[in-house]
Amino acid sequence: MIAIYARQSVDRADSISIEQQIELCRYETRGEEYTTYVDRGYSGRNTNRPQFTQMMSDIRDGFINTVIVYKLDRISRSILDFSNMMEDFGRHNVQFISATEKFDTSSPMGNAMLNICIVFAQLERETIQKRVADAYYSRSRKSFYMGGPVPYGFRKVPAVIDGVHTSMYEPVTEEAKAVELIYGMYSQPDTSYGDIVKKLSELGITKRGGSWARARIREMLINPIYVRADIAVYEFMAENGAEMENPPADFIGENGCYSYKSRDVKKAAAAELSGERIVLAPHKGIVDSGVWLRCREKCMSRKQVIPSQKAKNSWLCGKVKCGECGYALIAKEFRGGRDRYLMCSGRLNSKTCGGAGTLHTNEVEKLVYGEMKNKLAQLGKLSCPDRTVSSPEQTALEAELAEIDREIKVLLEKIKECDKAMFRYISERVNELDTRRSEMTERIEVLKGRNDIPVDEIDCHLTMWEELSFEDKRRVTDILIRVIYVTSERLIIQWRI
């Protein structure tokens, strides 16, 4: 049996189609019976192609004695793959014919010419790959739109950059509110991906008609496309190993960032910045840099599986880590809470750490509290009235308020086209929404006064520390401290201020 093999990676006007390849190969059959093997949309850089694999299986089973292709590069562009294929053909006495190149594989000279041609086929493939990579790298450095799905929170709009017609992102008001809700919730110490998914579901906020998933939430939280990048973002990314394409002076707290893999990096952990190339984007960001940085740091700190239960045994939970292995210290209580200890999760879960020693929770809390007071005493009274930390409830209410405003607007637009019955329904619905809107606005004002902690008042909170609730202690600690590394011998605090 004769086999005709045809392959086309991309259907373009200037490339020869599958049908044309088969038609040209039919002449070489001289009227004998043949079967076709066709791989559409597959590259010749390797042999991971379903119909090629089937053809080689049929050859080994003795069903095929001749293989015809339109051109050498249709069957392979790799020297190694082609050499292995020709060895298989020789073992099974299969004749190989290239319809346009006319090689006689029965002679040493014919085999030599065949191998020379496949060398040039591989060279062509690698040259094309290099040219495409260089063009991609050059265009991405200039902040051109490089394709791909449009991130949630944005729409794609036409743009002209350096005289070149391209595209850029533009925030979508309704989706941007949901993005702010997601970041606002996750910036709180106790909030998990699951908490966010649950809240979005309760509010009826979908991901463009689809459901949310924890993995998608995490992808959003580590994506710099949302941040209004300022110098703090620049320094954070540079310190964590990212390759920065723009100078620090360009980071003025307005634009988002594109993130690409560096040219010499094959694979890196998604949460890590090492190996990332950061390019300032032309679009406006959505999330304040301080909130984005807190979320990014929280994602990076999750090296181990985080327990599903909320912190309850110490206000240090989520901040304090083993000074030996870097894994989280878990607060444990024994004898009804009379004995409280911090234990290394790396030792508890996998025995990978020798442990941080005996750490009494009360003693560590006392030491950290003292260090926070000393830090504020060194700095004097801070003046950062714009930096506040809103509660998840406030952020959720603000997002729901935006949804109510949108619904009221839509209903009012329909009034001029409706009949009496519909008018009555719209009036009742608008009144309901307006009542709910008033209630929510009042609640938000209360929360702003109760839950927002301006940084310039933290010193006051520390003087009345024992009067604060457990959650307020955690929130004050989150504002001041990035992470704490502790053993029985030492305590190291990385400050945010």
# chains A, B, ... in the order shown; residues from 1 in each chain; ligands from 1
>>> residues_around(residues="Ala402 of chain A", least_positions_apart="4", cutoff="8 Å", atoms="only C-alpha atoms", output="PyMOL selection string")
chain A and resi 174+177+398+406
>>> write_last_selection(atoms="all heavy atoms", output="short mmCIF file (atom, residue, chain, number, x, y, z; two decimals), in the first residue's frame")
data_model
loop_
_atom_site.label_atom_id
_atom_site.label_comp_id
_atom_site.auth_asym_id
_atom_site.auth_seq_id
_atom_site.Cartn_x
_atom_site.Cartn_y
_atom_site.Cartn_z
N GLU A 174 -18.27 48.68 35.31
CA GLU A 174 -18.90 47.64 36.13
C GLU A 174 -17.90 46.57 36.54
O GLU A 174 -17.85 46.15 37.70
CB GLU A 174 -20.08 47.01 35.38
CG GLU A 174 -21.25 47.94 35.12
CD GLU A 174 -21.00 48.87 33.94
OE1 GLU A 174 -19.99 48.67 33.23
OE2 GLU A 174 -21.82 49.78 33.72
N LYS A 177 -15.28 47.72 39.15
CA LYS A 177 -15.77 47.70 40.54
C LYS A 177 -15.58 46.31 41.16
O LYS A 177 -15.21 46.18 42.33
CB LYS A 177 -17.25 48.09 40.57
CG LYS A 177 -17.52 49.56 40.32
CD LYS A 177 -17.02 50.41 41.48
CE LYS A 177 -17.37 51.87 41.27
NZ LYS A 177 -16.85 52.71 42.39
N GLU A 398 -19.80 48.75 48.51
CA GLU A 398 -19.52 49.71 47.44
C GLU A 398 -19.71 49.08 46.07
O GLU A 398 -20.21 49.72 45.13
CB GLU A 398 -18.11 50.26 47.60
CG GLU A 398 -17.97 51.21 48.79
CD GLU A 398 -16.53 51.61 49.04
OE1 GLU A 398 -15.62 50.96 48.48
OE2 GLU A 398 -16.30 52.57 49.81
N ARG A 406 -26.25 50.95 38.39
CA ARG A 406 -26.32 50.50 36.99
C ARG A 406 -27.72 50.02 36.65
O ARG A 406 -28.27 50.34 35.59
CB ARG A 406 -25.31 49.38 36.75
CG ARG A 406 -25.24 48.91 35.30
CD ARG A 406 -24.38 47.66 35.18
NE ARG A 406 -24.95 46.56 35.94
CZ ARG A 406 -25.96 45.82 35.51
NH1 ARG A 406 -26.52 46.05 34.35
NH2 ARG A 406 -26.42 44.83 36.26
#
>>> select_by_dssp(residues="segment 58-93 of chain A", states="alpha helix (DSSP H)", output="number ranges by chain")
A: 58-60, 72-75, 79-91
>>> residues_around(residues="segment 421-431 of chain A", least_positions_apart="3", cutoff="7 Å", atoms="only C-alpha atoms", output="PyMOL selection string")
chain A and resi 408+411+415+418+434-435
>>> write_last_selection(atoms="C-alpha atoms", output="PDB file, in the first residue's frame")
ATOM      1  CA  ILE A 408     -31.502  51.961  38.110  1.00  0.00           C
ATOM      2  CA  LEU A 411     -34.601  50.767  34.188  1.00  0.00           C
ATOM      3  CA  ILE A 415     -39.421  54.022  30.790  1.00  0.00           C
ATOM      4  CA  CYS A 418     -42.864  50.810  28.152  1.00  0.00           C
ATOM      5  CA  ASP A 434     -33.435  53.512  45.912  1.00  0.00           C
ATOM      6  CA  THR A 435     -34.418  52.473  49.444  1.00  0.00           C
TER       7      THR A 435
END
>>> select_by_dssp(residues="segment 173-374 of chain A", states="strand (DSSP E)", output="count of residues only")
33
